[in-house]
>>> print(open('input_33.cif').read())   # mmCIF, N, CA and C atoms
data_upload
loop_
_atom_site.label_atom_id
_atom_site.label_comp_id
_atom_site.auth_asym_id
_atom_site.auth_seq_id
_atom_site.Cartn_x
_atom_site.Cartn_y
_atom_site.Cartn_z
N MET Z 154 0.83 -1.18 0.00
CA MET Z 154 0.00 0.00 0.00
C MET Z 154 0.87 1.25 0.00
N LYS Z 155 1.93 1.24 0.79
CA LYS Z 155 2.83 2.40 0.82
C LYS Z 155 3.48 2.63 -0.53
N ALA Z 156 3.88 1.56 -1.20
CA ALA Z 156 4.51 1.69 -2.52
C ALA Z 156 3.52 2.29 -3.52
N ILE Z 157 2.26 1.87 -3.45
CA ILE Z 157 1.24 2.44 -4.34
C ILE Z 157 1.06 3.93 -4.04
N HIS Z 158 0.92 4.25 -2.76
CA HIS Z 158 0.74 5.66 -2.36
C HIS Z 158 1.91 6.51 -2.84
N ASP Z 159 3.12 6.05 -2.56
CA ASP Z 159 4.31 6.84 -2.93
C ASP Z 159 4.44 6.97 -4.44
N GLY Z 160 4.17 5.89 -5.17
CA GLY Z 160 4.27 5.94 -6.63
C GLY Z 160 3.25 6.87 -7.25
N LEU Z 161 2.03 6.87 -6.73
CA LEU Z 161 0.99 7.74 -7.29
C LEU Z 161 1.16 9.18 -6.85
N ARG Z 162 1.72 9.39 -5.68
CA ARG Z 162 1.92 10.76 -5.19
C ARG Z 162 2.78 11.56 -6.16
N VAL Z 163 3.69 10.89 -6.83
CA VAL Z 163 4.58 11.56 -7.76
C VAL Z 163 3.85 11.99 -9.04
N SER Z 164 2.92 11.15 -9.52
CA SER Z 164 2.33 11.42 -10.84
C SER Z 164 0.93 12.04 -10.79
N VAL Z 165 0.09 11.66 -9.88
CA VAL Z 165 -1.30 12.11 -9.88
C VAL Z 165 -1.45 13.60 -9.58
N PRO Z 166 -0.63 14.23 -8.71
CA PRO Z 166 -0.84 15.66 -8.46
C PRO Z 166 -0.66 16.55 -9.68
N ASN Z 167 -0.18 16.00 -10.78
CA ASN Z 167 0.05 16.80 -11.98
C ASN Z 167 -1.23 17.09 -12.76
N PHE Z 168 -2.35 16.53 -12.36
CA PHE Z 168 -3.61 16.81 -13.05
C PHE Z 168 -4.75 16.78 -12.02
N PRO Z 169 -5.93 17.30 -12.39
CA PRO Z 169 -7.03 17.41 -11.41
C PRO Z 169 -7.66 16.06 -11.09
N ALA Z 170 -7.06 15.35 -10.13
CA ALA Z 170 -7.57 14.05 -9.73
C ALA Z 170 -7.10 13.71 -8.33
N VAL Z 171 -7.78 12.76 -7.72
CA VAL Z 171 -7.41 12.25 -6.40
C VAL Z 171 -7.48 10.74 -6.46
N VAL Z 172 -6.51 10.07 -5.85
CA VAL Z 172 -6.57 8.62 -5.69
C VAL Z 172 -6.39 8.33 -4.21
N LYS Z 173 -7.35 7.62 -3.64
CA LYS Z 173 -7.27 7.21 -2.24
C LYS Z 173 -6.88 5.75 -2.20
N VAL Z 174 -5.86 5.43 -1.42
CA VAL Z 174 -5.40 4.06 -1.27
C VAL Z 174 -5.75 3.61 0.14
N GLY Z 175 -6.44 2.49 0.24
CA GLY Z 175 -6.82 1.95 1.54
C GLY Z 175 -6.50 0.47 1.61
N ASP Z 176 -6.50 -0.07 2.84
CA ASP Z 176 -6.30 -1.50 3.00
C ASP Z 176 -7.01 -1.97 4.26
N TRP Z 177 -7.24 -3.26 4.34
CA TRP Z 177 -7.87 -3.84 5.51
C TRP Z 177 -7.51 -5.32 5.59
N ASP Z 178 -7.60 -5.86 6.82
CA ASP Z 178 -7.40 -7.30 7.02
C ASP Z 178 -8.52 -8.05 6.32
N HIS Z 179 -8.19 -9.20 5.74
CA HIS Z 179 -9.19 -9.92 4.97
C HIS Z 179 -8.92 -11.42 5.07
N LEU Z 180 -9.97 -12.21 5.16
CA LEU Z 180 -9.86 -13.66 5.07
C LEU Z 180 -10.26 -14.07 3.66
N PHE Z 181 -9.32 -14.61 2.93
CA PHE Z 181 -9.59 -15.10 1.58
C PHE Z 181 -10.13 -16.52 1.70
N THR Z 182 -11.45 -16.63 1.74
CA THR Z 182 -12.09 -17.90 2.07
C THR Z 182 -11.82 -19.01 1.05
N LEU Z 183 -11.68 -18.67 -0.21
CA LEU Z 183 -11.44 -19.71 -1.22
C LEU Z 183 -10.12 -20.44 -1.00
N ILE Z 184 -9.14 -19.74 -0.44
CA ILE Z 184 -7.85 -20.38 -0.19
C ILE Z 184 -7.57 -20.51 1.31
N ASN Z 185 -8.53 -20.11 2.14
CA ASN Z 185 -8.42 -20.20 3.59
C ASN Z 185 -7.13 -19.57 4.12
N LYS Z 186 -6.87 -18.35 3.67
CA LYS Z 186 -5.67 -17.61 4.10
C LYS Z 186 -6.07 -16.22 4.54
N GLU Z 187 -5.41 -15.73 5.58
CA GLU Z 187 -5.58 -14.34 5.98
C GLU Z 187 -4.57 -13.49 5.25
N GLY Z 188 -4.93 -12.26 4.98
CA GLY Z 188 -4.02 -11.35 4.30
C GLY Z 188 -4.54 -9.94 4.36
N ARG Z 189 -4.04 -9.10 3.50
CA ARG Z 189 -4.44 -7.70 3.41
C ARG Z 189 -5.04 -7.47 2.03
N ALA Z 190 -6.13 -6.75 1.99
CA ALA Z 190 -6.74 -6.34 0.73
C ALA Z 190 -6.47 -4.85 0.54
N VAL Z 191 -6.19 -4.46 -0.68
CA VAL Z 191 -5.93 -3.05 -1.01
C VAL Z 191 -7.08 -2.54 -1.88
N SER Z 192 -7.53 -1.33 -1.59
CA SER Z 192 -8.58 -0.72 -2.40
C SER Z 192 -8.10 0.62 -2.95
N LEU Z 193 -8.59 0.94 -4.11
CA LEU Z 193 -8.29 2.23 -4.74
C LEU Z 193 -9.62 2.91 -5.05
N ARG Z 194 -9.76 4.16 -4.64
CA ARG Z 194 -10.90 5.00 -5.01
C ARG Z 194 -10.32 6.20 -5.72
N PHE Z 195 -10.98 6.65 -6.75
CA PHE Z 195 -10.42 7.75 -7.53
C PHE Z 195 -11.51 8.70 -7.97
N TRP Z 196 -11.11 9.94 -8.10
CA TRP Z 196 -11.96 11.02 -8.57
C TRP Z 196 -11.17 11.78 -9.63
N ALA Z 197 -11.85 12.20 -10.65
CA ALA Z 197 -11.24 13.03 -11.69
C ALA Z 197 -12.28 14.03 -12.17
N TRP Z 198 -11.82 15.19 -12.56
CA TRP Z 198 -12.76 16.20 -13.01
C TRP Z 198 -12.15 17.04 -14.12
N GLY Z 199 -13.01 17.81 -14.77
CA GLY Z 199 -12.60 18.70 -15.83
C GLY Z 199 -13.70 19.72 -16.07
N ASP Z 200 -13.46 20.67 -16.95
CA ASP Z 200 -14.44 21.72 -17.23
C ASP Z 200 -15.69 21.20 -17.94
N ASP Z 201 -15.57 20.04 -18.59
CA ASP Z 201 -16.72 19.40 -19.21
C ASP Z 201 -16.52 17.89 -19.15
N GLU Z 202 -17.49 17.14 -19.61
CA GLU Z 202 -17.42 15.68 -19.52
C GLU Z 202 -16.21 15.11 -20.28
N SER Z 203 -15.92 15.66 -21.42
CA SER Z 203 -14.80 15.17 -22.22
C SER Z 203 -13.47 15.37 -21.48
N LEU Z 204 -13.27 16.55 -20.90
CA LEU Z 204 -12.04 16.80 -20.14
C LEU Z 204 -11.96 15.92 -18.90
N ALA Z 205 -13.10 15.71 -18.25
CA ALA Z 205 -13.11 14.83 -17.07
C ALA Z 205 -12.72 13.40 -17.46
N MET Z 206 -13.21 12.92 -18.60
CA MET Z 206 -12.87 11.57 -19.05
C MET Z 206 -11.40 11.49 -19.46
N ASP Z 207 -10.87 12.54 -20.07
CA ASP Z 207 -9.43 12.57 -20.39
C ASP Z 207 -8.60 12.49 -19.11
N THR Z 208 -9.02 13.23 -18.10
CA THR Z 208 -8.32 13.18 -16.81
C THR Z 208 -8.43 11.80 -16.19
N LEU Z 209 -9.61 11.20 -16.25
CA LEU Z 209 -9.79 9.86 -15.70
C LEU Z 209 -8.89 8.86 -16.42
N ASN Z 210 -8.77 8.97 -17.73
CA ASN Z 210 -7.85 8.08 -18.46
C ASN Z 210 -6.42 8.28 -17.99
N SER Z 211 -6.03 9.52 -17.70
CA SER Z 211 -4.69 9.78 -17.18
C SER Z 211 -4.50 9.13 -15.81
N VAL Z 212 -5.54 9.16 -14.98
CA VAL Z 212 -5.49 8.50 -13.67
C VAL Z 212 -5.28 7.00 -13.87
N PHE Z 213 -6.06 6.39 -14.76
CA PHE Z 213 -5.90 4.96 -15.02
C PHE Z 213 -4.50 4.64 -15.52
N ASP Z 214 -3.95 5.47 -16.39
CA ASP Z 214 -2.58 5.26 -16.88
C ASP Z 214 -1.58 5.32 -15.72
N ALA Z 215 -1.75 6.29 -14.83
CA ALA Z 215 -0.84 6.44 -13.69
C ALA Z 215 -0.95 5.23 -12.76
N ILE Z 216 -2.17 4.77 -12.49
CA ILE Z 216 -2.35 3.59 -11.64
C ILE Z 216 -1.72 2.37 -12.30
N HIS Z 217 -1.98 2.18 -13.58
CA HIS Z 217 -1.41 1.04 -14.30
C HIS Z 217 0.12 1.06 -14.26
N ASP Z 218 0.71 2.21 -14.58
CA ASP Z 218 2.17 2.31 -14.57
C ASP Z 218 2.74 2.04 -13.18
N CYS Z 219 2.08 2.57 -12.15
CA CYS Z 219 2.55 2.37 -10.78
C CYS Z 219 2.49 0.89 -10.39
N LEU Z 220 1.37 0.24 -10.65
CA LEU Z 220 1.23 -1.17 -10.28
C LEU Z 220 2.16 -2.06 -11.10
N ARG Z 221 2.38 -1.73 -12.35
CA ARG Z 221 3.33 -2.49 -13.17
C ARG Z 221 4.74 -2.34 -12.61
N TRP Z 222 5.12 -1.13 -12.20
CA TRP Z 222 6.44 -0.87 -11.62
C TRP Z 222 6.62 -1.69 -10.34
N ILE Z 223 5.60 -1.73 -9.50
CA ILE Z 223 5.66 -2.51 -8.26
C ILE Z 223 5.76 -3.99 -8.58
N SER Z 224 4.94 -4.48 -9.51
CA SER Z 224 4.97 -5.88 -9.89
C SER Z 224 6.33 -6.29 -10.45
N ASP Z 225 6.88 -5.47 -11.32
CA ASP Z 225 8.20 -5.77 -11.88
C ASP Z 225 9.26 -5.80 -10.79
N GLY Z 226 9.16 -4.89 -9.82
CA GLY Z 226 10.12 -4.88 -8.71
C GLY Z 226 10.03 -6.12 -7.86
N VAL Z 227 8.81 -6.59 -7.61
CA VAL Z 227 8.62 -7.82 -6.82
C VAL Z 227 9.18 -9.00 -7.58
N LYS Z 228 8.92 -9.07 -8.88
CA LYS Z 228 9.44 -10.19 -9.69
C LYS Z 228 10.96 -10.20 -9.68
N ASN Z 229 11.57 -9.02 -9.76
CA ASN Z 229 13.03 -8.92 -9.83
C ASN Z 229 13.71 -9.27 -8.51
N THR Z 230 13.00 -9.07 -7.38
CA THR Z 230 13.61 -9.39 -6.09
C THR Z 230 13.32 -10.81 -5.67
N GLY Z 231 12.38 -11.48 -6.36
CA GLY Z 231 12.07 -12.85 -6.04
C GLY Z 231 11.23 -13.02 -4.79
N THR Z 232 10.57 -11.92 -4.34
CA THR Z 232 9.74 -12.03 -3.14
C THR Z 232 8.28 -12.01 -3.50
#
>>> encode(input="input_33.cif", output="structure tokens")
Amino acid sequence: MKAIHDGLRVSVPNFPAVVKVGDWDHLFTLINKEGRAVSLRFWAWGDDESLAMDTLNSVFDAIHDCLRWISDGVKNTGT
């Protein structure tokens, strides 16, 4: 969660949007394991619907890039 927060903090403030990162304890019943679940909530706006959707697409790109960077880092460290 901290890696997501830190990665998005760098890119999302550059446009009119907010991304909230949250987490909570969770029991994954299908695999009978306890763990942490991460949630993302996002808001984007613009002067009209088209600009708001452009901003939202930028938010999705930032989230995708951030999660890909984290995933690649985990793969490279073998953890």
>>> resolve_selection(input="input_33.cif", expression="the PyMOL selection byres ((chain Z and resi 196) around 7)", output="PDB file with N, CA and C atoms, in the coordinates of the input")
ATOM      1  N   PRO Z 169      -5.930  17.300 -12.390  1.00  0.00           N
ATOM      2  CA  PRO Z 169      -7.030  17.410 -11.410  1.00  0.00           C
ATOM      3  C   PRO Z 169      -7.660  16.060 -11.090  1.00  0.00           C
ATOM      4  N   ALA Z 170      -7.060  15.350 -10.130  1.00  0.00           N
ATOM      5  CA  ALA Z 170      -7.570  14.050  -9.730  1.00  0.00           C
ATOM      6  C   ALA Z 170      -7.100  13.710  -8.330  1.00  0.00           C
ATOM      7  N   VAL Z 171      -7.780  12.760  -7.720  1.00  0.00           N
ATOM      8  CA  VAL Z 171      -7.410  12.250  -6.400  1.00  0.00           C
ATOM      9  C   VAL Z 171      -7.480  10.740  -6.460  1.00  0.00           C
ATOM     10  N   VAL Z 172      -6.510  10.070  -5.850  1.00  0.00           N
ATOM     11  CA  VAL Z 172      -6.570   8.620  -5.690  1.00  0.00           C
ATOM     12  C   VAL Z 172      -6.390   8.330  -4.210  1.00  0.00           C
ATOM     13  N   LYS Z 173      -7.350   7.620  -3.640  1.00  0.00           N
ATOM     14  CA  LYS Z 173      -7.270   7.210  -2.240  1.00  0.00           C
ATOM     15  C   LYS Z 173      -6.880   5.750  -2.200  1.00  0.00           C
ATOM     16  N   ARG Z 194      -9.760   4.160  -4.640  1.00  0.00           N
ATOM     17  CA  ARG Z 194     -10.900   5.000  -5.010  1.00  0.00           C
ATOM     18  C   ARG Z 194     -10.320   6.200  -5.720  1.00  0.00           C
ATOM     19  N   PHE Z 195     -10.980   6.650  -6.750  1.00  0.00           N
ATOM     20  CA  PHE Z 195     -10.420   7.750  -7.530  1.00  0.00           C
ATOM     21  C   PHE Z 195     -11.510   8.700  -7.970  1.00  0.00           C
ATOM     22  N   ALA Z 197     -11.850  12.200 -10.650  1.00  0.00           N
ATOM     23  CA  ALA Z 197     -11.240  13.030 -11.690  1.00  0.00           C
ATOM     24  C   ALA Z 197     -12.280  14.030 -12.170  1.00  0.00           C
ATOM     25  N   TRP Z 198     -11.820  15.190 -12.560  1.00  0.00           N
ATOM     26  CA  TRP Z 198     -12.760  16.200 -13.010  1.00  0.00           C
ATOM     27  C   TRP Z 198     -12.150  17.040 -14.120  1.00  0.00           C
ATOM     28  N   LEU Z 209      -9.610  11.200 -16.250  1.00  0.00           N
ATOM     29  CA  LEU Z 209      -9.790   9.860 -15.700  1.00  0.00           C
ATOM     30  C   LEU Z 209      -8.890   8.860 -16.420  1.00  0.00           C
TER      31      LEU Z 209
END
>>> resolve_selection(input="input_33.cif", expression="the PyMOL selection byres (((chain Z and resi 208 and name CA) around 10) and name CA)", output="MDAnalysis selection string")
chainID Z and resid 165 168:170 196:199 202:207 209:214
>>> resolve_selection(input="input_33.cif", expression="the PyMOL selection byres (((chain Z and resi 188 and name CA) around 6) and name CA)", output="count of residues only")
4
>>> closest_residue(input="input_33.cif", among="Z:Leu193, Z:Ala215, Z:Asp200, Z:Lys228", to="Z:Leu161", atoms="only N, CA and C atoms")
Z:Ala215
>>> select_by_dssp(input="input_33.cif", residues="chain Z", states="strand (DSSP E)", output="PyMOL selection string")
chain Z and resi 170-181+186-197
>>> atom_distance(input="input_33.cif", atom1="atom N of Z:Leu180", atom2="atom N of Z:Val163")
29.4 Å
>>> atom_distance(input="input_33.cif", atom1="atom CA of Z:Val191", atom2="atom CA of Z:Asp225")
18.0 Å
>>> atom_distance(input="input_33.cif", atom1="atom N of Z:Ala156", atom2="atom N of Z:His217")
13.7 Å
>>> closest_residue(input="input_33.cif", among="Z:Leu220, Z:Lys155, Z:Ala190, Z:Gly226", to="Z:Trp177", atoms="only C-alpha atoms")
Z:Ala190
